[in-house]
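Here is upload.cif, consisting of mmCIF, C-alpha atoms:
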data_query
#
loop_
_atom_site.label_atom_id
_atom_site.label_comp_id
_atom_site.auth_asym_id
_atom_site.auth_seq_id
_atom_site.Cartn_x
_atom_site.Cartn_y
_atom_site.Cartn_z
CA MET A 1 17.35 -33.79 21.91
CA ASP A 2 19.39 -30.73 22.63
CA THR A 3 19.91 -29.10 19.25
CA PRO A 4 22.73 -26.57 19.04
CA ARG A 5 21.17 -23.19 18.42
CA VAL A 6 22.53 -21.24 15.48
CA SER A 7 23.37 -17.59 15.96
CA THR A 8 21.24 -14.81 14.53
CA GLU A 9 24.35 -13.70 12.60
CA GLN A 10 24.43 -17.12 10.95
CA VAL A 11 20.76 -16.80 9.96
CA TRP A 12 21.38 -13.31 8.54
CA SER A 13 24.25 -14.70 6.53
CA TRP A 14 22.06 -17.52 5.12
CA LEU A 15 19.32 -15.05 4.27
CA GLY A 16 21.93 -12.98 2.42
CA GLU A 17 22.06 -15.83 -0.07
CA VAL A 18 18.30 -15.80 -0.79
CA PRO A 19 17.77 -13.92 -4.06
CA ASP A 20 14.87 -11.59 -4.78
CA PRO A 21 12.61 -13.57 -7.16
CA GLU A 22 12.12 -10.65 -9.57
CA ILE A 23 15.68 -9.30 -9.53
CA PRO A 24 17.84 -12.36 -8.76
CA VAL A 25 21.15 -10.45 -8.55
CA ILE A 26 20.11 -8.86 -5.26
CA SER A 27 19.39 -10.73 -2.04
CA VAL A 28 16.36 -10.15 0.15
CA VAL A 29 18.74 -8.80 2.81
CA ASP A 30 20.42 -6.31 0.43
CA LEU A 31 16.97 -5.19 -0.73
CA GLY A 32 16.06 -4.35 2.87
CA ILE A 33 13.10 -6.72 3.04
CA VAL A 34 14.40 -8.67 6.05
CA ARG A 35 13.86 -6.45 9.08
CA GLY A 36 14.82 -8.73 11.91
CA VAL A 37 16.03 -12.15 12.99
CA ALA A 38 15.43 -13.36 16.53
CA PHE A 39 14.92 -16.52 18.52
CA ASP A 40 11.83 -17.18 20.59
CA GLY A 41 13.01 -20.22 22.54
CA ASP A 42 14.08 -22.64 19.82
CA GLU A 43 11.85 -20.99 17.23
CA CYS A 44 13.53 -18.71 14.72
CA VAL A 45 11.47 -15.58 13.97
CA VAL A 46 12.21 -13.74 10.74
CA THR A 47 10.50 -10.39 10.24
CA ILE A 48 9.98 -9.28 6.65
CA THR A 49 8.28 -6.21 5.18
CA PRO A 50 6.66 -5.83 1.75
CA THR A 51 8.22 -3.46 -0.76
CA TYR A 52 4.94 -2.42 -2.39
CA SER A 53 1.69 -3.59 -0.83
CA GLY A 54 0.61 -5.33 -4.05
CA CYS A 55 3.98 -6.89 -4.76
CA PRO A 56 3.22 -10.44 -5.99
CA ALA A 57 6.72 -11.56 -5.00
CA MET A 58 6.08 -11.38 -1.25
CA GLN A 59 4.65 -14.89 -0.93
CA VAL A 60 7.47 -16.25 -3.08
CA ILE A 61 9.99 -14.46 -0.85
CA ALA A 62 8.43 -15.88 2.31
CA ASP A 63 8.53 -19.37 0.77
CA ALA A 64 12.16 -18.89 -0.31
CA VAL A 65 13.17 -17.79 3.20
CA ASN A 66 11.35 -20.78 4.61
CA ASP A 67 13.03 -23.22 2.20
CA ALA A 68 16.51 -21.73 2.66
CA LEU A 69 16.41 -21.96 6.46
CA HIS A 70 14.81 -25.40 6.57
CA ALA A 71 17.46 -26.68 4.16
CA ARG A 72 20.12 -25.48 6.62
CA GLY A 73 18.55 -27.26 9.53
CA VAL A 74 16.39 -24.57 11.14
CA ALA A 75 13.49 -26.77 12.18
CA LYS A 76 11.15 -24.26 13.79
CA LEU A 77 10.59 -21.09 11.85
CA ARG A 78 8.02 -18.32 11.98
CA ILE A 79 7.83 -15.54 9.39
CA VAL A 80 6.25 -12.30 10.58
CA THR A 81 5.14 -9.61 8.14
CA GLN A 82 5.61 -6.08 9.44
CA LEU A 83 4.05 -2.99 7.79
CA SER A 84 5.53 -0.20 9.90
CA PRO A 85 7.99 1.42 9.44
CA ALA A 86 7.13 1.14 5.75
CA TRP A 87 9.84 -0.21 3.47
CA THR A 88 12.07 2.37 1.84
CA THR A 89 14.82 2.16 -0.75
CA ASP A 90 17.02 3.87 1.88
CA TRP A 91 17.36 0.38 3.38
CA MET A 92 18.97 -1.00 0.25
CA SER A 93 22.63 -1.82 0.89
CA GLU A 94 25.52 -0.41 -1.15
CA THR A 95 26.28 -3.99 -2.22
CA GLY A 96 22.71 -4.27 -3.45
CA LYS A 97 22.90 -0.98 -5.36
CA ALA A 98 26.14 -2.03 -7.06
CA ALA A 99 24.60 -5.38 -8.01
CA LEU A 100 21.58 -3.65 -9.53
CA LYS A 101 23.78 -1.40 -11.62
CA GLY A 102 25.83 -4.34 -12.84
CA TYR A 103 22.58 -6.02 -13.86
CA GLY A 104 21.54 -3.01 -15.96
CA ILE A 105 19.07 -1.45 -13.52
CA ALA A 106 19.91 2.07 -12.33
CA PRO A 107 19.80 2.06 -8.50
CA PRO A 108 17.80 4.65 -6.52
CA VAL A 109 19.81 7.88 -6.60
CA GLU A 110 18.76 9.75 -3.50
CA GLN A 111 17.25 9.44 -0.07
CA ALA A 112 13.57 8.69 -0.25
CA ILE A 113 11.32 11.46 1.02
CA ASP A 114 10.06 10.73 4.49
CA ILE A 115 6.39 10.68 5.36
CA SER A 116 6.38 14.19 6.81
CA GLY A 117 7.73 15.53 3.54
CA LEU A 118 4.93 14.05 1.50
CA ARG A 119 2.60 17.01 1.96
CA SER A 120 4.53 19.04 -0.57
CA GLY A 121 5.18 15.92 -2.58
CA VAL A 122 2.07 16.29 -4.72
CA LYS A 123 2.34 20.03 -5.37
CA ARG A 124 3.06 20.58 -9.03
CA GLY A 125 6.65 21.66 -9.51
CA ALA A 126 7.61 20.75 -5.92
CA PHE A 127 8.70 17.34 -7.09
CA LYS A 128 11.60 17.06 -9.52
CA GLU A 129 12.43 13.83 -11.28
CA PRO A 130 15.93 12.80 -10.14
CA GLU A 131 18.98 12.81 -12.39
CA VAL A 132 19.55 9.16 -13.17
CA GLN A 133 22.79 7.73 -14.48
CA CYS A 134 22.62 5.31 -17.40
CA PRO A 135 23.77 1.87 -16.14
CA ASN A 136 25.11 1.01 -19.61
CA CYS A 137 27.33 3.98 -20.52
CA GLY A 138 27.40 6.06 -17.33
CA SER A 139 25.93 9.19 -18.92
CA ASN A 140 23.71 11.47 -16.86
CA HIS A 141 22.01 12.59 -20.04
CA THR A 142 18.89 10.47 -19.51
CA GLN A 143 15.14 10.95 -19.73
CA LEU A 144 12.10 9.45 -18.00
CA THR A 145 9.99 7.46 -20.47
CA SER A 146 7.38 6.13 -18.09
CA GLN A 147 6.81 6.52 -14.34
CA PHE A 148 5.87 2.86 -14.22
CA GLY A 149 7.97 0.02 -15.61
CA SER A 150 8.02 -3.75 -15.66
CA THR A 151 7.42 -4.03 -11.89
CA PRO A 152 5.89 -1.59 -9.36
CA CYS A 153 9.34 -0.70 -8.02
CA LYS A 154 10.78 0.44 -11.35
CA ALA A 155 10.39 3.33 -13.79
CA LEU A 156 11.42 3.27 -17.43
CA TYR A 157 14.19 5.60 -18.62
CA LYS A 158 16.17 6.03 -21.79
CA CYS A 159 19.73 7.21 -22.27
CA LEU A 160 20.01 10.15 -24.68
CA ASP A 161 23.67 9.34 -25.40
CA CYS A 162 23.90 5.58 -25.93
CA ARG A 163 20.15 5.46 -26.77
CA GLU A 164 19.57 2.38 -24.64
CA PRO A 165 16.33 2.11 -22.66
CA PHE A 166 16.81 0.97 -19.06
CA ASP A 167 14.95 0.33 -15.81
CA TYR A 168 15.38 2.67 -12.86
CA PHE A 169 14.69 1.42 -9.33
CA LYS A 170 12.56 4.26 -7.95
CA CYS A 171 13.17 5.98 -4.63
CA HIS A 172 10.37 4.88 -2.35
CA MET B 1 -30.30 8.06 9.92
CA GLU B 2 -29.04 5.65 7.33
CA THR B 3 -27.46 3.08 9.57
CA ASN B 4 -28.06 1.46 12.89
CA ILE B 5 -24.91 1.03 14.85
CA VAL B 6 -24.81 -2.14 16.87
CA ASP B 7 -21.50 -1.49 18.55
CA ALA B 8 -18.12 0.13 18.00
CA ASN B 9 -16.61 -3.07 16.61
CA THR B 10 -19.33 -3.42 13.97
CA ALA B 11 -18.83 0.21 12.97
CA LYS B 12 -15.11 -0.32 12.60
CA ILE B 13 -15.61 -3.42 10.47
CA ASP B 14 -17.90 -1.44 8.20
CA TYR B 15 -15.37 1.38 7.97
CA LEU B 16 -12.64 -1.11 7.00
CA LEU B 17 -14.90 -2.65 4.37
CA ARG B 18 -15.46 0.81 2.90
CA GLN B 19 -11.72 1.36 2.54
CA GLY B 20 -11.11 -2.12 1.18
CA ASP B 21 -14.04 -2.02 -1.24
CA ASN B 22 -13.07 1.39 -2.64
CA ALA B 23 -9.59 0.10 -3.41
CA LEU B 24 -10.85 -3.25 -4.71
CA ILE B 25 -13.48 -1.94 -7.12
CA LEU B 26 -11.20 0.75 -8.53
CA SER B 27 -8.44 -1.82 -8.89
CA GLN B 28 -10.77 -4.16 -10.76
CA GLN B 29 -11.90 -1.35 -13.08
CA LEU B 30 -8.31 -0.31 -13.86
CA SER B 31 -7.23 -3.90 -14.44
CA GLN B 32 -9.96 -4.21 -17.09
CA LEU B 33 -7.90 -1.74 -19.12
CA CYS B 34 -4.90 -4.10 -19.19
CA GLY B 35 -3.83 -4.34 -22.83
CA LYS B 36 -6.18 -1.52 -23.80
CA GLY B 37 -4.30 1.57 -22.58
CA PRO B 38 -3.98 4.41 -25.11
CA ALA B 39 -0.18 4.01 -25.02
CA LEU B 40 2.12 1.32 -23.63
CA GLU B 41 3.28 3.60 -20.80
CA GLU B 42 -0.31 4.33 -19.80
CA ASP B 43 -1.19 0.66 -19.96
CA MET B 44 1.62 -0.15 -17.51
CA ALA B 45 0.74 2.78 -15.26
CA LEU B 46 -2.93 1.83 -14.99
CA THR B 47 -2.15 -1.78 -14.16
CA ASN B 48 0.56 -0.79 -11.67
CA VAL B 49 -1.89 1.48 -9.87
CA ALA B 50 -4.41 -1.38 -9.97
CA LEU B 51 -1.83 -3.67 -8.35
CA ASP B 52 -1.04 -1.18 -5.57
CA LEU B 53 -4.75 -0.79 -4.84
CA LEU B 54 -5.22 -4.56 -4.79
CA GLY B 55 -2.41 -4.88 -2.25
CA GLN B 56 -4.06 -2.22 -0.10
CA THR B 57 -7.39 -4.03 -0.45
CA ARG B 58 -5.86 -7.15 1.04
CA MET B 59 -4.65 -5.29 4.13
CA TRP B 60 -8.05 -3.66 4.75
CA LEU B 61 -10.18 -6.74 4.12
CA THR B 62 -7.89 -9.03 6.10
CA TYR B 63 -8.23 -6.73 9.11
CA ALA B 64 -12.01 -6.46 8.65
CA GLY B 65 -12.29 -10.26 8.54
CA GLU B 66 -10.16 -10.65 11.68
CA LEU B 67 -12.27 -8.17 13.65
CA GLU B 68 -15.46 -9.83 12.43
CA GLY B 69 -14.22 -13.18 13.70
CA GLN B 70 -16.53 -15.25 11.49
CA GLY B 71 -13.73 -16.93 9.58
CA ARG B 72 -14.03 -14.68 6.54
CA ASP B 73 -10.64 -13.83 5.04
CA GLU B 74 -9.82 -11.32 2.28
CA ASP B 75 -10.89 -13.76 -0.46
CA LYS B 76 -14.22 -14.64 1.12
CA LEU B 77 -14.99 -10.96 1.63
CA ALA B 78 -14.06 -10.10 -1.95
CA PHE B 79 -15.69 -13.02 -3.72
CA HIS B 80 -18.61 -14.07 -1.51
CA ARG B 81 -20.45 -10.78 -1.10
CA ASP B 82 -23.10 -9.46 -3.47
CA ALA B 83 -23.47 -5.86 -4.66
CA HIS B 84 -25.67 -4.65 -1.79
CA GLN B 85 -23.06 -5.88 0.69
CA TYR B 86 -20.33 -3.82 -0.96
CA ARG B 87 -19.46 -0.55 0.79
CA ASN B 88 -17.53 1.34 -1.92
CA VAL B 89 -18.49 4.88 -2.93
CA LEU B 90 -20.29 5.40 -6.24
CA LEU B 91 -17.27 7.20 -7.74
CA VAL B 92 -15.18 4.04 -8.14
CA GLU B 93 -17.92 2.13 -9.95
CA GLN B 94 -18.31 4.80 -12.65
CA PRO B 95 -17.44 3.27 -16.04
CA ASN B 96 -14.14 3.42 -17.94
CA ALA B 97 -16.17 5.41 -20.49
CA SER B 98 -13.21 7.25 -22.03
CA TYR B 99 -9.64 7.91 -21.05
CA ALA B 100 -10.64 11.39 -19.92
CA GLU B 101 -13.23 9.95 -17.54
CA THR B 102 -10.87 7.21 -16.38
CA MET B 103 -8.21 9.78 -15.48
CA MET B 104 -10.63 12.29 -13.94
CA ARG B 105 -12.14 9.53 -11.76
CA GLN B 106 -8.61 8.60 -10.73
CA PHE B 107 -7.65 12.19 -9.96
CA PHE B 108 -10.69 12.78 -7.73
CA PHE B 109 -10.10 9.45 -6.00
CA ASP B 110 -6.34 9.91 -5.57
CA THR B 111 -6.74 13.42 -4.13
CA TRP B 112 -9.21 12.27 -1.46
CA HIS B 113 -7.27 9.04 -0.88
CA TYR B 114 -4.01 10.92 -0.32
CA PHE B 115 -5.44 13.26 2.30
CA LEU B 116 -7.35 10.44 3.99
CA MET B 117 -4.19 8.30 4.29
CA GLN B 118 -2.37 11.31 5.77
CA GLY B 119 -5.17 11.68 8.32
CA LEU B 120 -5.18 7.96 9.11
CA LEU B 121 -1.45 8.06 9.95
CA LYS B 122 -2.60 9.55 13.26
CA SER B 123 -5.37 6.99 13.78
CA SER B 124 -5.86 5.78 17.33
CA ASP B 125 -6.04 2.28 15.84
CA GLN B 126 -2.43 1.26 15.35
CA ARG B 127 -3.15 -1.30 12.64
CA ILE B 128 -5.06 1.30 10.60
CA ALA B 129 -2.20 3.77 11.04
CA GLU B 130 0.25 1.14 9.77
CA ILE B 131 -1.86 0.33 6.70
CA ALA B 132 -2.10 4.06 5.97
CA GLU B 133 1.66 4.49 6.34
CA LYS B 134 2.26 1.64 3.91
CA SER B 135 -0.33 2.95 1.44
CA LEU B 136 0.62 6.61 1.56
CA LYS B 137 3.85 6.30 -0.42
CA GLU B 138 2.01 4.52 -3.22
CA VAL B 139 -0.93 6.91 -3.12
CA THR B 140 1.44 9.89 -3.33
CA TYR B 141 2.88 8.49 -6.54
CA HIS B 142 -0.63 7.88 -7.91
CA LEU B 143 -1.70 11.44 -7.20
CA ARG B 144 1.41 12.96 -8.74
CA ARG B 145 0.71 11.04 -11.90
CA SER B 146 -3.03 11.67 -12.16
CA GLY B 147 -2.51 15.39 -11.36
CA ASP B 148 0.14 15.59 -14.09
CA LEU B 149 -2.17 14.00 -16.63
CA VAL B 150 -5.07 16.28 -15.74
CA VAL B 151 -2.78 19.25 -16.42
CA ARG B 152 -1.32 17.82 -19.62
CA LEU B 153 -4.69 16.85 -21.07
CA GLY B 154 -6.63 19.83 -19.71
CA ASP B 155 -4.04 22.28 -20.98
CA GLY B 156 -3.48 20.23 -24.14
CA SER B 157 -5.33 20.43 -27.44
CA ASP B 158 -8.83 21.88 -27.83
CA ILE B 159 -10.20 18.35 -28.06
CA SER B 160 -8.38 17.01 -24.98
CA HIS B 161 -9.40 20.11 -23.02
CA ALA B 162 -13.06 19.67 -23.98
CA LYS B 163 -12.98 15.97 -23.05
CA MET B 164 -11.39 16.65 -19.66
CA GLN B 165 -13.85 19.43 -18.87
CA ALA B 166 -16.77 17.17 -19.83
CA ALA B 167 -15.34 14.38 -17.66
CA ALA B 168 -14.98 16.75 -14.69
CA ASP B 169 -18.54 18.00 -15.11
CA GLU B 170 -19.89 14.46 -15.43
CA LEU B 171 -18.02 12.97 -12.46
CA TRP B 172 -18.14 15.90 -10.05
CA MET B 173 -21.43 14.78 -8.49
CA TYR B 174 -19.69 11.55 -7.39
CA SER B 175 -16.71 13.32 -5.80
CA GLY B 176 -18.46 14.36 -2.59
CA GLU B 177 -19.81 11.10 -1.16
CA VAL B 178 -16.53 10.47 0.66
CA PHE B 179 -17.09 13.68 2.67
CA LEU B 180 -20.74 13.01 3.53
CA TYR B 181 -20.20 11.33 6.87
CA ASP B 182 -22.86 9.07 8.35
CA ASP B 183 -23.13 7.38 11.76
CA ILE B 184 -20.31 4.99 11.00
CA ASP B 185 -17.89 7.68 9.84
CA ASN B 186 -18.82 9.86 12.80
CA ALA B 187 -18.26 7.00 15.24
CA MET B 188 -14.78 6.60 13.74
CA VAL B 189 -14.07 10.32 14.17
CA GLU B 190 -15.24 10.24 17.78
CA ALA B 191 -13.00 7.26 18.52
CA GLY B 192 -10.02 9.11 17.01
CA ILE B 193 -9.79 6.42 14.33
CA ALA B 194 -10.56 8.57 11.28
CA PRO B 195 -10.07 12.27 10.47
CA PRO B 196 -13.11 14.58 10.35
CA ALA B 197 -14.68 15.42 6.98
CA ASP B 198 -14.21 19.20 7.07
CA GLY B 199 -10.43 19.25 6.96
CA LEU B 200 -10.31 16.51 4.34
CA ARG B 201 -12.81 18.29 2.13
CA ALA B 202 -10.97 21.62 2.40
CA ALA B 203 -7.67 19.97 1.43
CA PHE B 204 -9.38 18.14 -1.44
CA LEU B 205 -10.98 21.32 -2.81
CA GLU B 206 -7.73 23.26 -2.50
CA HIS B 207 -5.72 20.66 -4.42
CA VAL B 208 -8.36 20.16 -7.12
CA SER B 209 -8.65 23.89 -7.55
CA GLU B 210 -4.84 24.31 -7.92
CA ILE B 211 -4.55 21.53 -10.47
CA PHE B 212 -7.63 22.69 -12.41
CA ALA B 213 -6.26 26.25 -12.57
CA GLU B 214 -3.04 24.97 -14.08
CA ALA B 215 -4.99 22.66 -16.38
CA THR B 216 -7.14 25.63 -17.55
CA LEU B 217 -10.22 23.67 -16.46
CA THR B 218 -13.21 25.13 -14.67
CA MET B 219 -13.84 23.51 -11.31
CA PRO B 220 -17.54 22.72 -10.75
CA SER B 221 -19.19 24.30 -7.72
CA PRO B 222 -18.19 22.84 -4.34
CA ASP B 223 -21.80 23.40 -3.28
CA ALA B 224 -23.21 21.23 -6.08
CA TRP B 225 -25.58 18.41 -5.12
CA MET B 226 -23.71 15.14 -4.54
CA GLN B 227 -24.74 11.56 -5.23
CA ARG B 228 -24.55 9.17 -2.29
CA GLY B 229 -25.56 5.65 -1.32
CA GLY B 230 -22.58 3.40 -2.09
CA LYS B 231 -21.26 3.48 1.46
CA VAL B 232 -24.48 1.85 2.70
CA GLY B 233 -24.81 -0.59 -0.18
CA ARG B 234 -27.07 1.32 -2.58
CA HIS B 235 -25.18 0.99 -5.85
CA SER B 236 -25.69 1.62 -9.53
CA GLU B 237 -26.38 -1.43 -11.70
CA ARG B 238 -22.84 -1.06 -12.94
CA LEU B 239 -21.42 -2.68 -9.76
CA GLY B 240 -23.35 -5.87 -10.53
CA PHE B 241 -21.55 -6.21 -13.86
CA ILE B 242 -18.16 -5.50 -12.28
CA LEU B 243 -18.76 -8.18 -9.62
CA ALA B 244 -20.17 -10.65 -12.16
CA GLU B 245 -16.81 -10.63 -13.93
CA MET B 246 -14.62 -10.36 -10.84
CA GLN B 247 -16.46 -13.13 -8.97
CA PHE B 248 -17.09 -15.41 -11.96
CA LEU B 249 -14.86 -18.23 -10.80
CA GLN B 250 -16.24 -18.36 -7.25
CA ARG B 251 -19.81 -18.16 -8.57
CA ALA B 252 -19.23 -20.97 -11.08
CA TYR B 253 -17.12 -23.13 -8.76
CA PRO B 254 -17.95 -22.11 -5.17
CA GLY B 255 -15.06 -22.64 -2.77
CA ALA B 256 -12.52 -23.34 -5.51
CA GLU B 257 -8.93 -22.83 -4.35
CA TRP B 258 -5.51 -22.74 -5.99
#
Structure re-expressed in structure tokens:
Amino acid sequence: MDTPRVSTEQVWSWLGEVPDPEIPVISVVDLGIVRGVAFDGDECVVTITPTYSGCPAMQVIADAVNDALHARGVAKLRIVTQLSPAWTTDWMSETGKAALKGYGIAPPVEQAIDISGLRSGVKRGAFKEPEVQCPNCGSNHTQLTSQFGSTPCKALYKCLDCREPFDYFKCH
Amino acid sequence: METNIVDANTAKIDYLLRQGDNALILSQQLSQLCGKGPALEEDMALTNVALDLLGQTRMWLTYAGELEGQGRDEDKLAFHRDAHQYRNVLLVEQPNASYAETMMRQFFFDTWHYFLMQGLLKSSDQRIAEIAEKSLKEVTYHLRRSGDLVVRLGDGSDISHAKMQAAADELWMYSGEVFLYDDIDNAMVEAGIAPPADGLRAAFLEHVSEIFAEATLTMPSPDAWMQRGGKVGRHSERLGFILAEMQFLQRAYPGAEW
């Protein structure tokens, strides 16, 4: 049977409705995990990239992408995992950043350092913790509590004005 | 000569196992501290680093298994090999004896790991270069943190300073095995797959010396005698205990799956 082929734009739009399993207010597209959608004949090929190499959500994300596209009638689907270029928070959309903030997680505040800049990245004093805005009260008067938070992608901060602790999505 | 190279593919598989096993054993050791960190923030940091290393392990071992072509995946390689088949350096199997030793072990490992991943970015093997690119961002974060803690504890109280100095003196003899290249490492250098030892060692010594100066710690002699053997499967008895716990399920119920 000649099945009408859906457009890649349509697939992107469907994927934009697949939430990240750990932070459900942001979609896998807004997080920058989906790197490509293409058709190989009648097979849909979705390329995804892991955020952190040990992220336990990756399998769940692949399953969710699979389920979402099958449910919308994409019969043949292949999910390809791509390591390079490595995922960066620079790929997070403005929509995604706004959604994070609304959810109480401070979004990444600056461009992530590129690989070539990493040489000076471990020199003491060469790296400054960024100024992070409190997602609750908007104050910039905040302090790093812990470089690691509830997931690999987040650090723990506290607001020195409203006194609320909050998660910060690290630049990566 | 410690090893007999059969062919370039076998050498590469061994090199990949070394990378994967280093990350795996250190990850397992750090994860044993889950719920036992000296502070909540440290507990989370140790387990997050463990998780990153476990993710990196999967990439290395998966590639090793594919090249081997015997149907061994990451799980089979992790759970179905005994101690003498493990290729990790002796440093990562040193015990979580105290927090000072845990952090000093991490600092020595992270420093070498960081410069190695930088070198591997230029690997002639594209898959290795990609794994290094993915790992480097995480490793950079690890090294920033362990360097910070070495400074804070070394230049802290008299007691923390003494503990960090003792940890450095105790672990130093395990810090050099990664730079003692054998036939396998040299084959990787010749093939343009891995960076040579000299540059890595110089970068390692420079960084350790900078951090130690700031931490008011005395760096042991770079010319000190170094322990070796892990890379060819000669391990301390400690590795057997680590594997006994890590592999318990597969030993008790061989072939069990989720």
Residues of chain A within 6 Å of chain B, using all atoms listed in the file, as a list of chain:residue names?
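Matching residues, ligands excluded from the count: A:Ser53, A:Gly54, A:Leu83, A:Ser84, A:Ala86, A:Val122, A:Ser146, A:Phe148, A:Pro152.
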For the file shown, report as a PDB file with C-alpha atoms, keeping the file's coordinate frame the outcome of the PyMOL selection byres ((chain A and resi 7) around 12) at residue level.
ATOM      1  CA  PRO A   4      22.730 -26.570  19.040  1.00  0.00           C
ATOM      2  CA  ARG A   5      21.170 -23.190  18.420  1.00  0.00           C
ATOM      3  CA  VAL A   6      22.530 -21.240  15.480  1.00  0.00           C
ATOM      4  CA  THR A   8      21.240 -14.810  14.530  1.00  0.00           C
ATOM      5  CA  GLU A   9      24.350 -13.700  12.600  1.00  0.00           C
ATOM      6  CA  GLN A  10      24.430 -17.120  10.950  1.00  0.00           C
ATOM      7  CA  VAL A  11      20.760 -16.800   9.960  1.00  0.00           C
ATOM      8  CA  TRP A  12      21.380 -13.310   8.540  1.00  0.00           C
ATOM      9  CA  SER A  13      24.250 -14.700   6.530  1.00  0.00           C
ATOM     10  CA  TRP A  14      22.060 -17.520   5.120  1.00  0.00           C
ATOM     11  CA  VAL A  37      16.030 -12.150  12.990  1.00  0.00           C
ATOM     12  CA  ALA A  38      15.430 -13.360  16.530  1.00  0.00           C
ATOM     13  CA  PHE A  39      14.920 -16.520  18.520  1.00  0.00           C
ATOM     14  CA  ASP A  42      14.080 -22.640  19.820  1.00  0.00           C
ATOM     15  CA  CYS A  44      13.530 -18.710  14.720  1.00  0.00           C
ATOM     16  CA  VAL A  74      16.390 -24.570  11.140  1.00  0.00           C
TER      17      VAL A  74
END
Show which residues sit within 12 Å of B:Leu171, as a PDB file with C-alpha atoms, keeping the file's coordinate frame. Count all atoms listed in the file, and ignore same-chain residues fewer than 3 positions away.
ATOM      1  CA  LEU B  90     -20.290   5.400  -6.240  1.00  0.00           C
ATOM      2  CA  LEU B  91     -17.270   7.200  -7.740  1.00  0.00           C
ATOM      3  CA  VAL B  92     -15.180   4.040  -8.140  1.00  0.00           C
ATOM      4  CA  GLU B  93     -17.920   2.130  -9.950  1.00  0.00           C
ATOM      5  CA  GLN B  94     -18.310   4.800 -12.650  1.00  0.00           C
ATOM      6  CA  PRO B  95     -17.440   3.270 -16.040  1.00  0.00           C
ATOM      7  CA  ASN B  96     -14.140   3.420 -17.940  1.00  0.00           C
ATOM      8  CA  ALA B  97     -16.170   5.410 -20.490  1.00  0.00           C
ATOM      9  CA  ALA B 100     -10.640  11.390 -19.920  1.00  0.00           C
ATOM     10  CA  GLU B 101     -13.230   9.950 -17.540  1.00  0.00           C
ATOM     11  CA  THR B 102     -10.870   7.210 -16.380  1.00  0.00           C
ATOM     12  CA  MET B 103      -8.210   9.780 -15.480  1.00  0.00           C
ATOM     13  CA  MET B 104     -10.630  12.290 -13.940  1.00  0.00           C
ATOM     14  CA  ARG B 105     -12.140   9.530 -11.760  1.00  0.00           C
ATOM     15  CA  GLN B 106      -8.610   8.600 -10.730  1.00  0.00           C
ATOM     16  CA  PHE B 107      -7.650  12.190  -9.960  1.00  0.00           C
ATOM     17  CA  PHE B 108     -10.690  12.780  -7.730  1.00  0.00           C
ATOM     18  CA  PHE B 109     -10.100   9.450  -6.000  1.00  0.00           C
ATOM     19  CA  MET B 164     -11.390  16.650 -19.660  1.00  0.00           C
ATOM     20  CA  GLN B 165     -13.850  19.430 -18.870  1.00  0.00           C
ATOM     21  CA  ALA B 166     -16.770  17.170 -19.830  1.00  0.00           C
ATOM     22  CA  ALA B 167     -15.340  14.380 -17.660  1.00  0.00           C
ATOM     23  CA  ALA B 168     -14.980  16.750 -14.690  1.00  0.00           C
ATOM     24  CA  TYR B 174     -19.690  11.550  -7.390  1.00  0.00           C
ATOM     25  CA  SER B 175     -16.710  13.320  -5.800  1.00  0.00           C
ATOM     26  CA  GLY B 176     -18.460  14.360  -2.590  1.00  0.00           C
ATOM     27  CA  GLU B 177     -19.810  11.100  -1.160  1.00  0.00           C
ATOM     28  CA  MET B 219     -13.840  23.510 -11.310  1.00  0.00           C
ATOM     29  CA  PRO B 220     -17.540  22.720 -10.750  1.00  0.00           C
ATOM     30  CA  ALA B 224     -23.210  21.230  -6.080  1.00  0.00           C
ATOM     31  CA  TRP B 225     -25.580  18.410  -5.120  1.00  0.00           C
ATOM     32  CA  MET B 226     -23.710  15.140  -4.540  1.00  0.00           C
ATOM     33  CA  GLN B 227     -24.740  11.560  -5.230  1.00  0.00           C
TER      34      GLN B 227
END
Name the residues captured by the PyMOL selection byres ((chain B and resi 192) around 10) when it is applied to the shown file; answer as a list in words.
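Evaluating the PyMOL selection byres ((chain B and resi 192) around 10) on this file yields Leu120, Lys122, Ser123, Ser124, Asp125, Asn186, Ala187, Met188, Val189, Glu190, Ala191, Ile193, Ala194, Pro195 and Pro196 of chain B.
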Could you state which residues are captured by the PyMOL selection byres ((chain A and resi 132) around 12) in this file, as a ChimeraX atom specification?
/A:101,105-110,128-131,133-144,155-160,166-171
Point-to-point distance in Å for atom CA of B:Gln85 and atom CA of B:Gly255:
18.9 Å
Separation of atom CA of B:Gly37 from atom CA of B:Val150 in Å:
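About the pair atom CA of B:Val150 and atom CA of B:Gly37: they are 16.2 Å apart.
Atom CA of A:His70 is positioned 25.5 Å from atom CA of A:Ser93.
Distance check against A:Trp87 using all atoms listed in the file: of A:Pro21, A:Gly36, A:Pro50, A:Pro165, the minimum falls on A:Pro50.
Distances to A:Asp30 were evaluated for A:Ala62, A:Tyr103, A:Tyr52, A:Leu15 using only C-alpha atoms, and the minimum falls at A:Leu15.
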Which residue of B:Glu245, B:Asp198, B:Asp75, B:Glu257 approaches B:Gln28 most closely, using only C-alpha atoms
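Checking each of B:Glu245, B:Asp198, B:Asp75, B:Glu257 against B:Gln28, counting only C-alpha atoms, the winner is B:Glu245.
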Between B:Lys231, B:Arg201, B:Arg81, B:Lys163, which residue has the minimum interatomic distance to B:Asn22, considering only C-alpha atoms?
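Of B:Lys231, B:Arg201, B:Arg81, B:Lys163, the one nearest B:Asn22, counting only C-alpha atoms, is B:Lys231.
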